[in-house]
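Structure data follow from structure34.cif (mmCIF, C-alpha atoms):
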```cif
data_model
#
loop_
_atom_site.label_atom_id
_atom_site.label_comp_id
_atom_site.auth_asym_id
_atom_site.auth_seq_id
_atom_site.Cartn_x
_atom_site.Cartn_y
_atom_site.Cartn_z
CA MET M 1176 69.55 113.90 94.62
CA LEU M 1177 65.94 113.84 93.49
CA LEU M 1178 65.09 113.76 89.82
CA THR M 1179 63.37 116.77 88.36
CA ARG M 1180 60.52 116.70 85.86
CA LYS M 1181 62.74 118.57 83.39
CA GLU M 1182 65.45 115.89 83.64
CA PHE M 1183 62.96 113.09 83.08
CA LEU M 1184 61.29 114.77 80.12
CA LYS M 1185 64.72 115.35 78.59
CA PHE M 1186 65.40 111.64 78.94
CA LEU M 1187 62.17 110.76 77.15
CA ALA M 1188 63.00 113.08 74.28
CA ALA M 1189 66.59 112.03 73.82
CA GLY M 1190 66.46 108.38 74.84
CA THR M 1191 69.89 108.69 76.43
CA ALA M 1192 71.23 105.93 78.62
CA VAL M 1193 71.60 106.43 82.36
CA ALA M 1194 73.87 104.19 84.43
CA ALA M 1195 72.12 101.86 86.82
CA ILE M 1196 72.89 102.25 90.49
CA GLY M 1197 73.60 99.11 92.52
CA LEU M 1198 73.84 98.50 96.23
CA PRO M 1199 75.55 95.76 98.23
CA LEU M 1200 73.89 92.44 98.80
CA SER M 1201 73.50 91.11 102.30
CA ALA M 1202 76.82 89.72 103.47
CA SER M 1203 75.74 86.18 104.32
CA ALA M 1204 73.26 83.88 102.67
CA GLN M 1205 73.27 81.58 105.72
CA GLU M 1206 72.08 84.02 108.38
CA ALA M 1207 68.89 86.02 108.51
CA PRO M 1208 69.80 89.70 108.32
CA LYS M 1209 69.14 91.91 111.31
CA PRO M 1210 66.64 94.74 110.94
CA THR M 1211 68.10 98.21 110.64
CA GLY M 1212 65.12 99.80 112.36
CA SER M 1213 61.35 99.78 112.43
CA VAL M 1214 58.45 102.01 111.44
CA ASP M 1215 54.84 102.37 112.47
CA ILE M 1216 52.93 99.84 110.35
CA ALA M 1217 49.76 101.93 110.21
CA LYS M 1218 51.75 104.87 108.88
CA LEU M 1219 53.64 102.65 106.43
CA MET M 1220 50.41 101.22 105.04
CA ALA M 1221 48.43 104.48 104.97
CA PRO M 1222 47.05 105.27 101.50
CA GLY M 1223 49.45 107.19 99.30
CA PRO M 1224 49.14 109.01 95.98
CA LEU M 1225 49.06 105.72 94.05
CA PRO M 1226 47.17 102.47 94.66
CA GLU M 1227 49.38 99.70 95.96
CA MET M 1228 50.93 97.21 93.55
CA VAL M 1229 50.26 94.15 95.66
CA VAL M 1230 50.00 90.38 95.48
CA GLY M 1231 48.56 88.22 98.22
CA LYS M 1232 45.63 88.28 100.63
CA GLU M 1233 44.85 91.50 102.44
CA ASP M 1234 44.51 89.64 105.75
CA ALA M 1235 47.82 87.75 105.47
CA PRO M 1236 49.67 87.69 108.82
CA VAL M 1237 52.86 89.07 107.27
CA THR M 1238 53.11 92.15 105.07
CA ILE M 1239 56.28 92.79 103.07
CA VAL M 1240 56.80 96.18 101.45
CA GLU M 1241 59.66 96.38 98.97
CA TYR M 1242 61.01 99.75 97.86
CA LEU M 1243 62.72 99.11 94.54
CA SER M 1244 64.40 100.78 91.60
CA MET M 1245 63.91 99.14 88.23
CA THR M 1246 67.56 99.72 87.25
CA CYS M 1247 69.01 98.37 90.50
CA PRO M 1248 70.87 95.11 89.71
CA HIS M 1249 70.36 93.78 93.23
CA CYS M 1250 66.62 94.38 92.99
CA ALA M 1251 66.71 92.41 89.75
CA ALA M 1252 68.72 89.63 91.40
CA PHE M 1253 66.14 89.41 94.19
CA HIS M 1254 63.30 89.11 91.69
CA ARG M 1255 65.18 86.52 89.64
CA GLU M 1256 66.45 84.38 92.49
CA THR M 1257 64.19 84.91 95.53
CA TYR M 1258 60.84 86.50 94.74
CA ASP M 1259 59.20 83.62 92.86
CA ALA M 1260 60.09 81.12 95.59
CA ILE M 1261 58.78 83.43 98.32
CA LYS M 1262 55.62 84.01 96.33
CA GLU M 1263 54.99 80.29 95.92
CA LYS M 1264 55.86 79.41 99.52
CA TYR M 1265 54.17 82.26 101.35
CA VAL M 1266 52.12 84.58 99.14
CA ASP M 1267 50.18 81.90 97.27
CA THR M 1268 49.45 80.10 100.55
CA GLY M 1269 47.96 83.18 102.21
CA LYS M 1270 50.79 83.85 104.66
CA VAL M 1271 52.31 86.95 103.04
CA ARG M 1272 51.01 90.07 101.35
CA PHE M 1273 53.76 91.50 99.14
CA VAL M 1274 53.67 95.19 98.21
CA LEU M 1275 55.90 96.75 95.54
CA ARG M 1276 56.71 100.46 95.87
CA GLU M 1277 58.75 102.65 93.60
CA PHE M 1278 62.03 104.24 94.65
CA PRO M 1279 63.54 105.09 91.25
CA LEU M 1280 67.22 106.02 91.25
CA ASP M 1281 67.46 107.31 87.69
CA ASN M 1282 65.40 108.26 84.67
CA LYS M 1283 65.19 104.80 83.17
CA ALA M 1284 63.89 103.46 86.47
CA VAL M 1285 61.20 106.15 86.46
CA ALA M 1286 60.12 105.22 82.94
CA ALA M 1287 60.01 101.49 83.69
CA ILE M 1288 57.95 101.81 86.86
CA MET M 1289 55.56 104.23 85.14
CA LEU M 1290 54.94 101.56 82.51
CA ALA M 1291 54.25 99.02 85.24
CA ARG M 1292 51.74 101.48 86.69
CA CYS M 1293 50.06 101.76 83.27
CA ALA M 1294 49.73 98.00 82.83
CA PRO M 1295 46.21 96.52 82.91
CA GLU M 1296 44.72 96.31 86.40
CA GLY M 1297 46.46 93.67 88.47
CA GLN M 1298 49.27 93.17 85.95
CA GLY M 1299 51.72 95.69 87.38
CA PRO M 1300 53.64 93.20 89.56
CA ALA M 1301 53.97 90.79 86.63
CA LEU M 1302 55.42 93.52 84.41
CA VAL M 1303 57.82 94.55 87.17
CA SER M 1304 59.00 90.95 87.37
CA ALA M 1305 59.39 90.65 83.59
CA LEU M 1306 61.36 93.89 83.36
CA PHE M 1307 63.64 92.78 86.20
CA LYS M 1308 64.25 89.38 84.63
CA ASN M 1309 65.22 91.08 81.34
CA GLN M 1310 66.89 94.07 82.97
CA THR M 1311 70.17 93.94 81.05
CA THR M 1312 68.29 94.01 77.75
CA TRP M 1313 66.82 97.46 78.24
CA VAL M 1314 69.11 99.01 80.86
CA THR M 1315 72.22 98.60 78.72
CA ALA M 1316 70.54 99.55 75.44
CA GLN M 1317 71.83 102.69 73.76
CA ASP M 1318 68.23 103.63 73.01
CA ALA M 1319 66.64 102.89 76.38
CA ARG M 1320 63.28 104.30 75.39
CA GLY M 1321 63.12 102.13 72.27
CA ALA M 1322 64.11 99.04 74.23
CA LEU M 1323 61.39 99.70 76.79
CA LEU M 1324 58.88 100.14 73.98
CA GLN M 1325 59.71 96.72 72.56
CA MET M 1326 59.43 95.12 76.01
CA SER M 1327 56.15 96.93 76.64
CA LYS M 1328 54.64 95.72 73.38
CA LEU M 1329 55.00 92.18 74.70
CA ALA M 1330 52.76 93.26 77.59
CA GLY M 1331 50.13 94.66 75.23
CA PHE M 1332 51.19 98.29 74.93
CA THR M 1333 50.89 100.12 71.63
CA GLN M 1334 53.03 103.04 70.55
CA GLU M 1335 50.15 105.31 71.53
CA SER M 1336 49.55 103.84 74.99
CA PHE M 1337 53.31 103.74 75.64
CA ASP M 1338 53.67 107.43 74.78
CA ALA M 1339 50.58 108.35 76.77
CA CYS M 1340 51.92 106.57 79.85
CA LEU M 1341 55.35 108.19 79.76
CA THR M 1342 53.92 111.67 79.24
CA ASN M 1343 51.40 111.36 82.08
CA GLN M 1344 52.46 114.27 84.28
CA LYS M 1345 50.30 113.28 87.25
CA LEU M 1346 51.67 109.75 87.23
CA LEU M 1347 55.23 111.08 87.15
CA ASP M 1348 54.49 113.42 90.05
CA ASP M 1349 52.88 110.61 92.07
CA VAL M 1350 55.79 108.21 91.46
CA LEU M 1351 58.20 110.84 92.76
CA LYS M 1352 55.93 111.49 95.77
CA VAL M 1353 56.03 107.80 96.69
CA ARG M 1354 59.82 107.91 96.58
CA GLU M 1355 59.96 111.11 98.61
CA THR M 1356 57.69 109.65 101.29
CA GLY M 1357 59.81 106.50 101.45
CA SER M 1358 62.91 108.61 101.98
CA LYS M 1359 61.58 111.20 104.40
CA GLU M 1360 59.10 109.16 106.40
CA PHE M 1361 60.60 105.67 106.44
CA GLY M 1362 64.34 106.22 106.02
CA VAL M 1363 64.70 104.47 102.67
CA ASP M 1364 68.05 105.42 101.15
CA SER M 1365 68.97 102.35 99.12
CA THR M 1366 67.35 99.63 97.05
CA PRO M 1367 66.05 97.12 97.66
CA THR M 1368 64.74 98.05 101.09
CA PHE M 1369 62.19 95.74 102.68
CA PHE M 1370 59.76 96.34 105.53
CA ILE M 1371 58.57 93.04 106.99
CA ASN M 1372 55.75 93.72 109.45
CA GLY M 1373 57.31 97.15 109.96
CA GLN M 1374 60.89 95.95 110.46
CA ARG M 1375 63.35 97.49 108.00
CA TYR M 1376 65.89 95.37 106.11
CA ALA M 1377 68.26 96.94 103.61
CA GLY M 1378 69.79 94.96 100.74
CA GLY M 1379 68.97 91.83 98.80
CA MET M 1380 68.03 88.62 100.56
CA SER M 1381 68.15 84.94 99.69
CA VAL M 1382 65.17 82.64 99.95
CA ALA M 1383 66.59 81.21 103.19
CA GLU M 1384 67.13 84.63 104.75
CA MET M 1385 63.69 85.97 103.93
CA SER M 1386 62.04 82.67 104.90
CA ALA M 1387 63.69 82.81 108.32
CA ILE M 1388 62.32 86.29 108.93
CA ILE M 1389 58.82 85.38 107.71
CA ASP M 1390 58.71 82.15 109.72
CA ALA M 1391 59.68 84.01 112.88
CA ALA M 1392 56.97 86.62 112.24
CA ILE M 1393 54.30 83.97 111.74
CA LYS M 1394 55.05 82.13 115.00
#
```

Rendering of file as structure tokens:
Amino acid sequence: MLLTRKEFLKFLAAGTAVAAIGLPLSASAQEAPKPTGSVDIAKLMAPGPLPEMVVGKEDAPVTIVEYLSMTCPHCAAFHRETYDAIKEKYVDTGKVRFVLREFPLDNKAVAAIMLARCAPEGQGPALVSALFKNQTTWVTAQDARGALLQMSKLAGFTQESFDACLTNQKLLDDVLKVRETGSKEFGVDSTPTFFINGQRYAGGMSVAEMSAIIDAAIK
């Protein structure tokens, strides 16, 4: 069920906790997962309501798009255990362009990804990574809004810029549009969902699994 603006604004006012939603990891760390479908790459990469949060060269031979929810524990596990190694091995060497897209599953996830969107230019992916690596700190906090404020201050936010970000109606609308497009156009119904050169993979992946897929795409 899609979030409503009213529900999100109520969350901001009350600071109430919302349970994180998790999804199963891939069954085997030894075998590359099979794609669950494919999409038209041109359509997938068409400009949306928000600029892409991306790392890597635009002309990299492999493009990975990850739809994520900031409160998803398996998204966090991927960013703790797999993302940095993939970035070093493939992104930093010009082989992969990695795109992060929002698919928030609850109000706290909406707030966290909005803050990443409000980070200084080019710093969004780094804030996403930091929030994932410290996910339990703010997701389990009784005052989720206060916990996010403290985390955001480490990234240079002030109380004023924090409040301005989370009350930005257009940003909220655009975040929800990105999620809606992912669901309706590309069949995203769980997080994390990856599109690797247009091939869809649902669920977390190990370094070995994702490397096998990337290596095959490069050949």

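If you look at atom CA of Ala1284 of chain M and atom CA of Met1245 of chain M, they are 4.7 Å away from each other.
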
Find the spatial neighbours of Val1237 of chain M, counting only C-alpha atoms, within a cut-off of 8 Å - ignore same-chain residues fewer than 3 positions away - and output them as a PDB file with C-alpha atoms, in the coordinates of the input.
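This went into selection25.pdb:
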```
ATOM      1  CA  LYS M1270      50.790  83.850 104.660  1.00  0.00           C
ATOM      2  CA  VAL M1271      52.310  86.950 103.040  1.00  0.00           C
ATOM      3  CA  ARG M1272      51.010  90.070 101.350  1.00  0.00           C
ATOM      4  CA  ILE M1371      58.570  93.040 106.990  1.00  0.00           C
ATOM      5  CA  ASN M1372      55.750  93.720 109.450  1.00  0.00           C
ATOM      6  CA  ILE M1389      58.820  85.380 107.710  1.00  0.00           C
ATOM      7  CA  ALA M1392      56.970  86.620 112.240  1.00  0.00           C
ATOM      8  CA  ILE M1393      54.300  83.970 111.740  1.00  0.00           C
TER       9      ILE M1393
END
```

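Residues lying at most 10 Å from (53.7, 100.3, 88.0) in file coordinates, with only C-alpha atoms considered, are M:Leu1225, M:Pro1226, M:Glu1227, M:Met1228, M:Leu1275, M:Arg1276, M:Glu1277, M:Val1285, M:Ala1286, M:Ala1287, M:Ile1288, M:Met1289, M:Leu1290, M:Ala1291, M:Arg1292, M:Cys1293, M:Ala1294, M:Pro1295, M:Glu1296, M:Gly1297, M:Gln1298, M:Gly1299, M:Pro1300, M:Ala1301, M:Leu1302, M:Val1303, M:Leu1346, M:Val1350.
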
Using all atoms listed in the file, the best pick from M:Ile1239, M:Ala1339, M:Ala1260, M:Ala1319 as closest to Thr1368 of chain M would be M:Ile1239

Please give the centre and size of the box around segment 1359-1362 of chain M (axis-aligned, containing every atom listed in the file, 5 Å added per side), with values in Å to one decimal and written as lines of an AutoDock Vina configuration file.
```
center_x = 61.7
center_y = 108.4
center_z = 105.4
size_x = 15.2
size_y = 15.5
size_z = 12.0
```

With distances taken over all atoms listed in the file, the candidate from M:Lys1262, M:Pro1224, M:Leu1323, M:Val1274 nearest Lys1352 of chain M is M:Pro1224

From the list M:Asp1259, M:Asp1390, M:Asp1234, M:Glu1241, the nearest residue to Arg1375 of chain M using all atoms listed in the file is M:Glu1241

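Applied to the file shown here, the PyMOL selection byres ((chain M and resi 1242) around 10) selects the residues Ile1239, Val1240, Glu1241, Leu1243, Ser1244, Cys1250, Val1274, Leu1275, Arg1276, Glu1277, Phe1278, Pro1279, Val1353, Arg1354, Gly1357, Ser1358, Val1363, Asp1364, Ser1365, Thr1366, Pro1367, Thr1368, Phe1369, Phe1370 and Ala1377 of chain M.
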
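Evaluating the PyMOL selection byres ((chain M and resi 1256) around 12) against the shown model yields Pro1248, His1249, Cys1250, Ala1251, Ala1252, Phe1253, His1254, Arg1255, Thr1257, Tyr1258, Asp1259, Ala1260, Ile1261, Lys1262, Ser1304, Phe1307, Lys1308, Gly1379, Met1380, Ser1381, Val1382, Ala1383 and Met1385 of chain M.
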
Computed gap from atom CA of Gln1374 of chain M to atom CA of Met1220 of chain M is 12.9 Å

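You will find atom CA of Thr1315 of chain M at 13.4 Å from atom CA of Asp1281 of chain M.
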
In terms of only C-alpha atoms, the residue from M:Glu1263, M:Leu1324, M:Cys1247, M:Ala1207 at minimal distance from Val1230 of chain M is M:Glu1263
